[in-house]
Amino acid sequence: MPENRTKSPTLSLKPARPGLGGRHRLAFGPEAKAKDVKGTSRRLWAYLRQQRTALLAVFFLVLVAVAATLTGPYLIGLAIDNYIEPGDLAGLTHLSLVMVAVYILGAGATWLQQYIMASSAQDTILLLRNDLFSKMQALPLRFFDRQAHGELMSRITNDIENINLALSTSLTRIFSGIIAVVGTFTAMVWLSPLLTVVSLSVVPLIMLLVRLIARRTRRFFVSQQENLGQLNGIVEETLTGQRAVKVFVREQKMIAEFTAVSDQLRRTGTKAQICAGIIPPLMHMFGSISFAIVAGAGGLLATKGVVTVGVIASFIQYSRQFTRPLNELANLFNTMQSALAGAERVFEIMDEKPEEETEQRGLTLASAKGKVRFQHVTFAYEPAVTVLKDINLTVEPGQLIALVGPTGAGKTTFVNLLARFYELDQGHIFIDDHDISQVKKSSLRSTLGIVLQDTHLFSETVRDNIRFGKLTATDTEVEQAAQLAHAEPFILRLAAGYDTVLSHDGSNLSQGQRQLLSISRAILADPAILILDEATSSVDTRTELQIQHAMVNLMQNRTTFVIAHRLSTIQNADLILVINQGRIIERGTHRELLAARGFYYNLYQNQFRYQGAVSG
Amino acid sequence: MSRLYKFLRPHWKAALLAPFLMLVEVASNLWQPKLMATIVDQGIETGDVAFIIHTGLKMVGIALIGVAGGIGCTIAASIASQSFGADLRTALFEKVQSFSFANLNRFKTSSLITRLTHDVVQIQNAVMISLRMLVRAPLMSVGGIVMALTINARLATILLVSIPILLILLVVVARRALPLFTQSQQSLDRVNAVMLENLAGIRVVKAYVRADQERSRFGLASQRLRDITVQAARIIALAMPIMMLLMNFSIVAVIWLGGIQVNLGQMKAGQIMAYINYMTQILFSMLMVGMVFVMFSRAQVSATRVNEVLAAEVDIGDLPTAKDKPIRKGEIKFDHVSFRYPGMGGPPVLKDISFTVEPGSTVAILGATGAGKSTLVQLIPRLYDPSAGRVLVDGEDVRTIKLETLRSGIGMVLQEATLFSGSIKDNIKWGREEATDEEVMMAASAAQANDFISALPDRYDTQLGQRGVNLSGGQKQRLAIARALIKKPPILILDDSTSAVDMGTEARIREAVANLPTKSTRIIIAQRISSVIHADKIIVLEDGQIEAVGTHEQLLDSSPIYQDIYHSQVREGADIGA
């Protein structure tokens, strides 16, 4: 039947997902192949296994549905030969009812199968997604240093989506496709081996042609994909830096660059579309030709009495059912392949070594006093480049320690090591005489209140963002913390005050305001050791001073580390450490260091050079 | 969607050819079953072998003509839709390039990126599909009905029943499914947002030991996505079986009713077979219409988003009378300028600002976070236009100068140092394409960037990743400064652009810039007293108003706010003298 002239009738109502990176995927895109198909499949199966009862039911229902599809054409032939031609109306009515029953059974099985599969697939994906997220939480910072967030993110969304696609549709369709092809072939041979051979004579030709075109198509799609990648790169870069583009009057250059790639994409895209678009009409043609062959050859055989008209009617249906899944299978295998490749990458992340785990056996710092000791600490982010060399330091509880030094001297690394974001290469760090490598990370980090250089806010309310510091805090406590950090005035000016929902990158706040929220968070956390890593670098100095006054109380009886490049903020420190090229090159109080006329003196001079001009 | 058709107009030849060629394919498809019926009813019945062979060959021939039409249609449709897409994309990109800062604030960057990539592809696909399917499906349905009528009018009543039912059911399913798709998209966005937040903020999450909380937050979003997706999938699962069931019921009806008619001698078996064929063709075409419809409604969403960008009014552009007179002296004057961000309520950001910057002098602007410092300087290169009052450069209202001319004369270093992929040299040369290597190095030296660049393995040819990911904040800022310096602009604006640079380096940059051969008029926004102390004039901004203007000494005497700022930074200044 010429129904096969319309494209395969499967509904693809699923919305395309413009998740990051997901938009780049196209049906004929370059299909990445999994390196270890077997291992990856096995691990994916471990997830699917939990659904095995459902999968078994789906398997059975697919069998029923395919059986119904196979029975239909046979019954049509039977109706023509046994009842219509002889004119047996009672029999015809009877058979019609049987056909109705068969079709209802088939449709019911198809529906039930998809119904069950929907939740099985999504439950599996849910599990995978949550596991992946959990794993990410357990990974050390080193892992995140290695890759750009955007890239990691697009990989994850893309890969999960590929797996989703494969599980929710491809899996059952491959299964039913294979059964349909085998079943149809068997039925045809059973009805008439001769007509089978004749009508399927075009199939090898189809396969050959489709394969030829598909190969070429893939090539075009690869280059289309490359161009699309380039184009997206330009778009992303230009738009993110749009302000710089305007300031430097680069608009025309950007447009020229964009148009060139866009034009390239138009050319490769047209080629790819044409190539891919040729397949459906070709399939239609082969459908038509095999239709003609079945009609013609069947007609000839019928005149010789080898086949009946009913058999021809059945065959016309069968030959359609044979070629369509055959054609579809190739595509489905591609989806499976990219899903496996995606799964492999997901599992790669899951196989990453997590942060060294001390949760089980580790110590708990119950009520830390805040004594900190560094003993011969040496550390490098990358093997060749030592960032801290043989650092020795003892800090008594309640002291205010300042770290100063040029950009890149290793100040932030102190913080990273103290919080055990990274493991030491050599040496030990002690808090209250406990080696921190023996302490539970959760306990260690709860002891520390860190205000980082890069503030990070979540797309939650202002209140929840502050409450991040102490989940059990009451609203009053949150507001008190905000007041202490001088954040309240600007918070109250926001649209909904404390209940204003921030955008995820906090872009509706200035850098200084974000730092104030970050400080509120740390104040709320009320830690034994407070670490301020350039915490007020974007806050104007008057506000900073006010915060400092407010924090005097906070710092009392609390060990505090301050990293700052504004030297005015640290003059009260009990101990100033001057760090340069990974070493503590000077240590002492502000007065001592000035008197020593060393590195610190020079830094200070630079910063307050005008002082001389003013006072003398 | 209809507003986008103008992008198809230049390609009208291909766009018209495609449906025409599709007509050929449809005609070929419609003819086939009829010929098959004659084989069965005339050929087989009379045993006319020659007739069967003849008709069979005719069918093959028609199939070949059909495929020629189909392929031709594909080619024409591909050319039309891809050219359409490329034109639309370019138009969008050009539009975005013409956007003012105000426009850019309104559309988020990420959303603009999606519109330019994903949305354009969606619309382009819809055009492709409509050029092929939208024509094919109605032609096929109508043609099929006509052919069915010519065979047997009475059996066609089956179609009268089944087609409306099919359409109603599809609409019902689509109505219920479409909102779910929107919801599932939103849930997916939420999942991605939480994921991205945790990637970007992993240090904070770790520092506060909040992994468990984040896990449950993600789990919640994840669960919701699962629920909605399952719900949507289950509704969609209905569509196929319903469609198949309806089609098969129709076939049974044809066989049963047709069988009765054959018995009465009003019809022949071959005609029943042809009828079944037409029936499936028609119903599948209907289904296609449904799918195209769904696809269209998705493209419609994209089209709306694209149209929003295209229709956005660019509030800053050249007047027809705009002058092309390059800036020479670099004199800047603010004349009773007030400013409020477009579309924002609340008090104005700047209130009645007036001051003059002499050519070649240095003016520093000081003030608290959010006092309006950045906004003020952004009015000079017309990144925004004032709501009231005038900004004059070299005595001309900036609105009367060509944007390109104006901005070419201003070197501005933004708070956020955005770099672009390419080599370090390329990035610095952004300021001036034709700059020589020596000039690049000179600019870099002045910005105190030469040292770290020289320490890199490929020096000035070092490739930066996207947005300079492999550089520290301070290094990026220094490159951004070099990029502005190489322009040798009459006006140089530094908007808090050394915040990540340590004090010593900053002082050296300040000295080097002061000693450059080209004497620019300089406006410096800063937090530190040390950065502004040498300025010829210091403007203290407080809540969008000028609180005080003067030299360091004058302000130290007269301005309480300036004194405050000063003392917040130089508490123990006396130590130096000691």
# chains A, B, ... in the order shown; residues from 1 in each chain; ligands from 1

$ residues_around --residues "Asn103 in chain B" --least-positions-apart "5" --cutoff "8 Å" --atoms "only C-alpha atoms" --output "list in words"
Ala312, Glu313, Val314 and Asp315 of chain B

$ residues_around --residues "Val385 in chain A" --least-positions-apart "3" --cutoff "12 Å" --atoms "only C-alpha atoms" --output "CSV table (one decimal) with C-alpha atoms, in the first residue's frame"
chain,number,residue,atom,x,y,z
A,378,THR,CA,54.2,22.7,50.4
A,379,PHE,CA,51.6,22.7,47.6
A,380,ALA,CA,51.3,22.8,43.9
A,381,TYR,CA,48.1,22.9,41.7
A,382,GLU,CA,50.1,21.6,38.8
A,388,LEU,CA,53.4,27.4,48.5
A,389,LYS,CA,56.8,26.3,49.7
A,408,GLY,CA,49.4,35.4,42.4
A,410,GLY,CA,49.6,32.2,46.9
A,581,GLN,CA,56.3,33.6,45.3
A,582,GLY,CA,54.9,31.0,47.7

$ closest_residue --among "B:Ile260, B:Ala548, B:Leu16, B:Ile158" --to "chain A" --atoms "only C-alpha atoms"
B:Ile260

$ closest_residue --among "B:Ile523, B:Ala14, B:Leu4, B:Ile53" --to "Lys537 in chain B" --atoms "only C-alpha atoms"
B:Ile523

$ select_by_dssp --residues "range 340-461 of chain A" --states "strand (DSSP E or B)" --output "PyMOL selection string"
chain A and resi 363+372-382+385-395+400-404+426-431+434-435+439+448-451+461

$ write_last_selection --atoms "C-alpha atoms" --output "tab-separated table (two decimals), in the first residue's frame"
chain	number	residue	atom	x	y	z
A	363	LEU	CA	37.45	13.31	63.99
A	372	VAL	CA	45.89	26.97	63.63
A	373	ARG	CA	49.30	25.57	62.81
A	374	PHE	CA	50.96	25.11	59.41
A	375	GLN	CA	53.92	22.74	59.48
A	376	HIS	CA	56.25	22.56	56.46
A	377	VAL	CA	53.34	22.96	54.07
A	378	THR	CA	54.18	22.67	50.40
A	379	PHE	CA	51.61	22.67	47.63
A	380	ALA	CA	51.30	22.82	43.85
A	381	TYR	CA	48.15	22.91	41.73
A	382	GLU	CA	50.12	21.56	38.81
A	385	VAL	CA	54.52	24.94	39.61
A	386	THR	CA	54.88	25.04	43.37
A	387	VAL	CA	52.53	27.63	44.81
A	388	LEU	CA	53.40	27.38	48.50
A	389	LYS	CA	56.83	26.33	49.71
A	390	ASP	CA	57.59	25.08	53.19
A	391	ILE	CA	55.16	27.28	55.07
A	392	ASN	CA	55.40	27.28	58.86
A	393	LEU	CA	53.01	29.24	60.97
A	394	THR	CA	51.33	29.16	64.33
A	395	VAL	CA	48.22	31.17	65.06
A	400	LEU	CA	43.75	38.40	63.61
A	401	ILE	CA	46.11	37.33	60.86
A	402	ALA	CA	46.55	39.28	57.66
A	403	LEU	CA	47.99	37.88	54.46
A	404	VAL	CA	49.39	40.39	52.00
A	426	GLN	CA	53.85	17.90	51.92
A	427	GLY	CA	53.51	18.95	55.53
A	428	HIS	CA	50.57	19.20	57.90
A	429	ILE	CA	47.97	21.69	58.98
A	430	PHE	CA	46.60	21.48	62.50
A	431	ILE	CA	43.53	23.03	64.00
A	434	HIS	CA	44.31	17.98	65.22
A	435	ASP	CA	45.81	17.26	61.82
A	439	VAL	CA	39.18	15.55	60.61
A	448	LEU	CA	35.51	27.76	59.14
A	449	GLY	CA	33.53	30.72	57.90
A	450	ILE	CA	34.87	31.60	54.50
A	451	VAL	CA	33.97	34.68	52.52
A	461	THR	CA	15.45	34.81	47.70

$ residues_around --residues "Leu239 in chain A" --least-positions-apart "6" --cutoff "10 Å" --atoms "only C-alpha atoms" --output "PyMOL selection string"
(chain A and resi 233+245) or (chain B and resi 93+96-97+104+108-110+112-113)

$ write_last_selection --atoms "N, CA and C atoms" --output "PDB file, in the first residue's frame"
ATOM      1  N   GLY A 233      29.890  29.785  18.482  1.00  0.00           N
ATOM      2  CA  GLY A 233      31.029  30.360  19.188  1.00  0.00           C
ATOM      3  C   GLY A 233      31.064  31.866  19.015  1.00  0.00           C
ATOM      4  N   VAL A 245      32.324  45.244  22.545  1.00  0.00           N
ATOM      5  CA  VAL A 245      32.189  45.422  21.102  1.00  0.00           C
ATOM      6  C   VAL A 245      31.723  46.837  20.792  1.00  0.00           C
TER       7      VAL A 245
ATOM      8  N   PHE B  93      21.436  39.186  13.986  1.00  0.00           N
ATOM      9  CA  PHE B  93      22.758  39.534  14.502  1.00  0.00           C
ATOM     10  C   PHE B  93      23.031  41.020  14.299  1.00  0.00           C
ATOM     11  N   VAL B  96      21.096  42.965  16.782  1.00  0.00           N
ATOM     12  CA  VAL B  96      21.687  42.939  18.118  1.00  0.00           C
ATOM     13  C   VAL B  96      22.920  43.838  18.175  1.00  0.00           C
ATOM     14  N   GLN B  97      23.663  43.859  17.076  1.00  0.00           N
ATOM     15  CA  GLN B  97      24.842  44.733  17.055  1.00  0.00           C
ATOM     16  C   GLN B  97      24.447  46.204  17.164  1.00  0.00           C
ATOM     17  N   LEU B 104      20.308  45.886  25.586  1.00  0.00           N
ATOM     18  CA  LEU B 104      21.015  44.692  26.051  1.00  0.00           C
ATOM     19  C   LEU B 104      20.606  44.331  27.469  1.00  0.00           C
ATOM     20  N   LYS B 108      18.356  39.263  28.151  1.00  0.00           N
ATOM     21  CA  LYS B 108      19.539  38.677  28.772  1.00  0.00           C
ATOM     22  C   LYS B 108      20.421  38.079  27.692  1.00  0.00           C
ATOM     23  N   THR B 109      21.727  38.097  27.945  1.00  0.00           N
ATOM     24  CA  THR B 109      22.667  37.568  26.962  1.00  0.00           C
ATOM     25  C   THR B 109      22.328  36.129  26.585  1.00  0.00           C
ATOM     26  N   SER B 110      22.084  35.302  27.622  1.00  0.00           N
ATOM     27  CA  SER B 110      21.830  33.889  27.340  1.00  0.00           C
ATOM     28  C   SER B 110      20.582  33.743  26.488  1.00  0.00           C
ATOM     29  N   LEU B 112      19.438  35.942  24.331  1.00  0.00           N
ATOM     30  CA  LEU B 112      19.757  36.376  22.967  1.00  0.00           C
ATOM     31  C   LEU B 112      20.487  35.281  22.207  1.00  0.00           C
ATOM     32  N   ILE B 113      21.376  34.601  22.904  1.00  0.00           N
ATOM     33  CA  ILE B 113      22.123  33.521  22.258  1.00  0.00           C
ATOM     34  C   ILE B 113      21.153  32.433  21.808  1.00  0.00           C
TER      35      ILE B 113
END

$ residues_around --residues "Glu586 in chain A" --least-positions-apart "3" --cutoff "9 Å" --atoms "only C-alpha atoms" --output "list in words"
Ile576, Leu577, Val578, Ile579, Arg583, Leu593, Gly598, Phe599 and Tyr600 of chain A

$ residues_around --residues "Thr364 in chain A" --least-positions-apart "2" --cutoff "8 Å" --atoms "only C-alpha atoms" --output "JSON, numbers by chain"
{"A": [362, 366, 439, 440, 443, 444]}

$ write_last_selection --atoms "C-alpha atoms" --output "PDB file, in the first residue's frame"
ATOM      1  CA  GLY A 362      37.372  11.221  60.846  1.00  0.00           C
ATOM      2  CA  ALA A 366      33.401  19.802  68.621  1.00  0.00           C
ATOM      3  CA  VAL A 439      39.176  15.550  60.614  1.00  0.00           C
ATOM      4  CA  LYS A 440      35.829  15.068  58.960  1.00  0.00           C
ATOM      5  CA  SER A 443      33.209  19.240  60.622  1.00  0.00           C
ATOM      6  CA  LEU A 444      36.313  21.075  59.432  1.00  0.00           C
TER       7      LEU A 444
END

$ closest_residue --among "B:Ala27, B:Ala126, B:Ala500, B:Leu479" --to "chain A" --atoms "only C-alpha atoms"
B:Ala500

$ closest_residue --among "A:Asp475, A:Glu161, A:Glu85, A:Glu592" --to "Gln122 in chain A" --atoms "only C-alpha atoms"
A:Glu161

$ select_by_dssp --residues "range 300-457 of chain A" --states "alpha helix (DSSP H)" --output "ChimeraX atom specification"
/A:300-303,309-351,411-418,441-447

$ closest_residue --among "B:Ala177, B:Met247, B:Val440, B:Leu199" --to "Val230 in chain B" --atoms "only C-alpha atoms"
B:Ala177

$ atom_distance --atom1 "CA of Val562 in chain A" --atom2 "CA of Lys476 in chain B"
24.3 Å

$ closest_residue --among "A:Ala409, A:Ile274, A:Ile570, A:Leu340" --to "chain B" --atoms "only C-alpha atoms"
A:Ile274

$ residues_around --residues "Thr53 in chain A" --least-positions-apart "6" --cutoff "12 Å" --atoms "only C-alpha atoms" --output "MDAnalysis selection string"
chainID A and resid 59:60 116:117 120

$ residues_around --residues "Pro241 in chain B" --least-positions-apart "3" --cutoff "6 Å" --atoms "only C-alpha atoms" --output "list in words"
Ala107 and Trp111 of chain A; Leu238, Met244 and Leu245 of chain B

$ atom_distance --atom1 "CA of Ala214 in chain A" --atom2 "CA of Phe185 in chain A"
24.7 Å

$ decode --residues "range 266-298 of chain B" --atoms "N, CA and C atoms" --output "PDB file, in the first residue's frame"
ATOM      1  N   GLN B 266     -21.712  -4.231  -7.308  1.00  0.00           N
ATOM      2  CA  GLN B 266     -21.494  -2.803  -7.518  1.00  0.00           C
ATOM      3  C   GLN B 266     -20.027  -2.431  -7.435  1.00  0.00           C
ATOM      4  N   MET B 267     -19.163  -3.368  -7.066  1.00  0.00           N
ATOM      5  CA  MET B 267     -17.762  -3.038  -6.838  1.00  0.00           C
ATOM      6  C   MET B 267     -16.920  -4.256  -7.100  1.00  0.00           C
ATOM      7  N   LYS B 268     -15.598  -4.022  -7.286  1.00  0.00           N
ATOM      8  CA  LYS B 268     -14.716  -5.153  -7.530  1.00  0.00           C
ATOM      9  C   LYS B 268     -13.635  -5.243  -6.447  1.00  0.00           C
ATOM     10  N   ALA B 269     -13.041  -6.399  -6.295  1.00  0.00           N
ATOM     11  CA  ALA B 269     -12.051  -6.626  -5.231  1.00  0.00           C
ATOM     12  C   ALA B 269     -10.872  -5.660  -5.349  1.00  0.00           C
ATOM     13  N   GLY B 270     -10.402  -5.467  -6.580  1.00  0.00           N
ATOM     14  CA  GLY B 270      -9.264  -4.568  -6.787  1.00  0.00           C
ATOM     15  C   GLY B 270      -9.573  -3.165  -6.318  1.00  0.00           C
ATOM     16  N   GLN B 271     -10.805  -2.791  -6.513  1.00  0.00           N
ATOM     17  CA  GLN B 271     -11.208  -1.443  -6.078  1.00  0.00           C
ATOM     18  C   GLN B 271     -11.171  -1.334  -4.560  1.00  0.00           C
ATOM     19  N   ILE B 272     -11.548  -2.425  -3.891  1.00  0.00           N
ATOM     20  CA  ILE B 272     -11.455  -2.411  -2.431  1.00  0.00           C
ATOM     21  C   ILE B 272     -10.011  -2.213  -1.998  1.00  0.00           C
ATOM     22  N   MET B 273      -9.111  -2.935  -2.676  1.00  0.00           N
ATOM     23  CA  MET B 273      -7.689  -2.798  -2.339  1.00  0.00           C
ATOM     24  C   MET B 273      -7.224  -1.359  -2.554  1.00  0.00           C
ATOM     25  N   ALA B 274      -7.625  -0.774  -3.685  1.00  0.00           N
ATOM     26  CA  ALA B 274      -7.250   0.616  -3.953  1.00  0.00           C
ATOM     27  C   ALA B 274      -7.817   1.531  -2.880  1.00  0.00           C
ATOM     28  N   TYR B 275      -9.052   1.220  -2.506  1.00  0.00           N
ATOM     29  CA  TYR B 275      -9.729   2.022  -1.500  1.00  0.00           C
ATOM     30  C   TYR B 275      -8.970   2.016  -0.178  1.00  0.00           C
ATOM     31  N   ILE B 276      -8.531   0.812   0.207  1.00  0.00           N
ATOM     32  CA  ILE B 276      -7.766   0.711   1.462  1.00  0.00           C
ATOM     33  C   ILE B 276      -6.531   1.593   1.393  1.00  0.00           C
ATOM     34  N   ASN B 277      -5.906   1.580   0.210  1.00  0.00           N
ATOM     35  CA  ASN B 277      -4.726   2.410   0.019  1.00  0.00           C
ATOM     36  C   ASN B 277      -5.014   3.893   0.188  1.00  0.00           C
ATOM     37  N   TYR B 278      -6.068   4.337  -0.477  1.00  0.00           N
ATOM     38  CA  TYR B 278      -6.412   5.759  -0.379  1.00  0.00           C
ATOM     39  C   TYR B 278      -6.724   6.137   1.058  1.00  0.00           C
ATOM     40  N   MET B 279      -7.427   5.215   1.677  1.00  0.00           N
ATOM     41  CA  MET B 279      -7.806   5.452   3.061  1.00  0.00           C
ATOM     42  C   MET B 279      -6.583   5.710   3.931  1.00  0.00           C
ATOM     43  N   THR B 280      -5.605   4.830   3.826  1.00  0.00           N
ATOM     44  CA  THR B 280      -4.410   5.015   4.652  1.00  0.00           C
ATOM     45  C   THR B 280      -3.673   6.290   4.258  1.00  0.00           C
ATOM     46  N   GLN B 281      -3.621   6.554   2.957  1.00  0.00           N
ATOM     47  CA  GLN B 281      -2.957   7.787   2.510  1.00  0.00           C
ATOM     48  C   GLN B 281      -3.600   9.013   3.131  1.00  0.00           C
ATOM     49  N   ILE B 282      -4.915   9.052   3.092  1.00  0.00           N
ATOM     50  CA  ILE B 282      -5.635  10.221   3.589  1.00  0.00           C
ATOM     51  C   ILE B 282      -5.409  10.379   5.088  1.00  0.00           C
ATOM     52  N   LEU B 283      -5.586   9.264   5.819  1.00  0.00           N
ATOM     53  CA  LEU B 283      -5.477   9.387   7.266  1.00  0.00           C
ATOM     54  C   LEU B 283      -4.068   9.730   7.716  1.00  0.00           C
ATOM     55  N   PHE B 284      -3.079   9.167   7.040  1.00  0.00           N
ATOM     56  CA  PHE B 284      -1.703   9.510   7.389  1.00  0.00           C
ATOM     57  C   PHE B 284      -1.412  10.974   7.083  1.00  0.00           C
ATOM     58  N   SER B 285      -1.996  11.444   6.000  1.00  0.00           N
ATOM     59  CA  SER B 285      -1.791  12.857   5.661  1.00  0.00           C
ATOM     60  C   SER B 285      -2.395  13.761   6.718  1.00  0.00           C
ATOM     61  N   MET B 286      -3.570  13.336   7.204  1.00  0.00           N
ATOM     62  CA  MET B 286      -4.204  14.097   8.277  1.00  0.00           C
ATOM     63  C   MET B 286      -3.279  14.159   9.486  1.00  0.00           C
ATOM     64  N   LEU B 287      -2.709  13.014   9.795  1.00  0.00           N
ATOM     65  CA  LEU B 287      -1.811  12.926  10.928  1.00  0.00           C
ATOM     66  C   LEU B 287      -0.618  13.865  10.728  1.00  0.00           C
ATOM     67  N   MET B 288      -0.142  13.878   9.470  1.00  0.00           N
ATOM     68  CA  MET B 288       0.964  14.772   9.129  1.00  0.00           C
ATOM     69  C   MET B 288       0.580  16.223   9.413  1.00  0.00           C
ATOM     70  N   VAL B 289      -0.622  16.558   9.012  1.00  0.00           N
ATOM     71  CA  VAL B 289      -1.095  17.915   9.263  1.00  0.00           C
ATOM     72  C   VAL B 289      -1.005  18.203  10.756  1.00  0.00           C
ATOM     73  N   GLY B 290      -1.433  17.219  11.542  1.00  0.00           N
ATOM     74  CA  GLY B 290      -1.371  17.381  12.992  1.00  0.00           C
ATOM     75  C   GLY B 290       0.048  17.617  13.473  1.00  0.00           C
ATOM     76  N   MET B 291       0.985  16.791  12.950  1.00  0.00           N
ATOM     77  CA  MET B 291       2.372  16.932  13.385  1.00  0.00           C
ATOM     78  C   MET B 291       2.951  18.268  12.961  1.00  0.00           C
ATOM     79  N   VAL B 292       2.658  18.642  11.723  1.00  0.00           N
ATOM     80  CA  VAL B 292       3.164  19.927  11.232  1.00  0.00           C
ATOM     81  C   VAL B 292       2.609  21.049  12.108  1.00  0.00           C
ATOM     82  N   PHE B 293       1.362  20.850  12.511  1.00  0.00           N
ATOM     83  CA  PHE B 293       0.716  21.849  13.356  1.00  0.00           C
ATOM     84  C   PHE B 293       1.454  22.006  14.679  1.00  0.00           C
ATOM     85  N   VAL B 294       1.767  20.855  15.280  1.00  0.00           N
ATOM     86  CA  VAL B 294       2.501  20.881  16.551  1.00  0.00           C
ATOM     87  C   VAL B 294       3.847  21.566  16.359  1.00  0.00           C
ATOM     88  N   MET B 295       4.508  21.180  15.260  1.00  0.00           N
ATOM     89  CA  MET B 295       5.808  21.751  14.987  1.00  0.00           C
ATOM     90  C   MET B 295       5.694  23.263  14.789  1.00  0.00           C
ATOM     91  N   PHE B 296       4.631  23.636  14.146  1.00  0.00           N
ATOM     92  CA  PHE B 296       4.417  25.049  13.888  1.00  0.00           C
ATOM     93  C   PHE B 296       4.188  25.822  15.175  1.00  0.00           C
ATOM     94  N   SER B 297       3.420  25.219  16.074  1.00  0.00           N
ATOM     95  CA  SER B 297       3.138  25.960  17.300  1.00  0.00           C
ATOM     96  C   SER B 297       4.425  26.132  18.092  1.00  0.00           C
ATOM     97  N   ARG B 298       5.350  25.161  17.948  1.00  0.00           N
ATOM     98  CA  ARG B 298       6.642  25.322  18.604  1.00  0.00           C
ATOM     99  C   ARG B 298       7.443  26.419  17.911  1.00  0.00           C
TER     100      ARG B 298
END
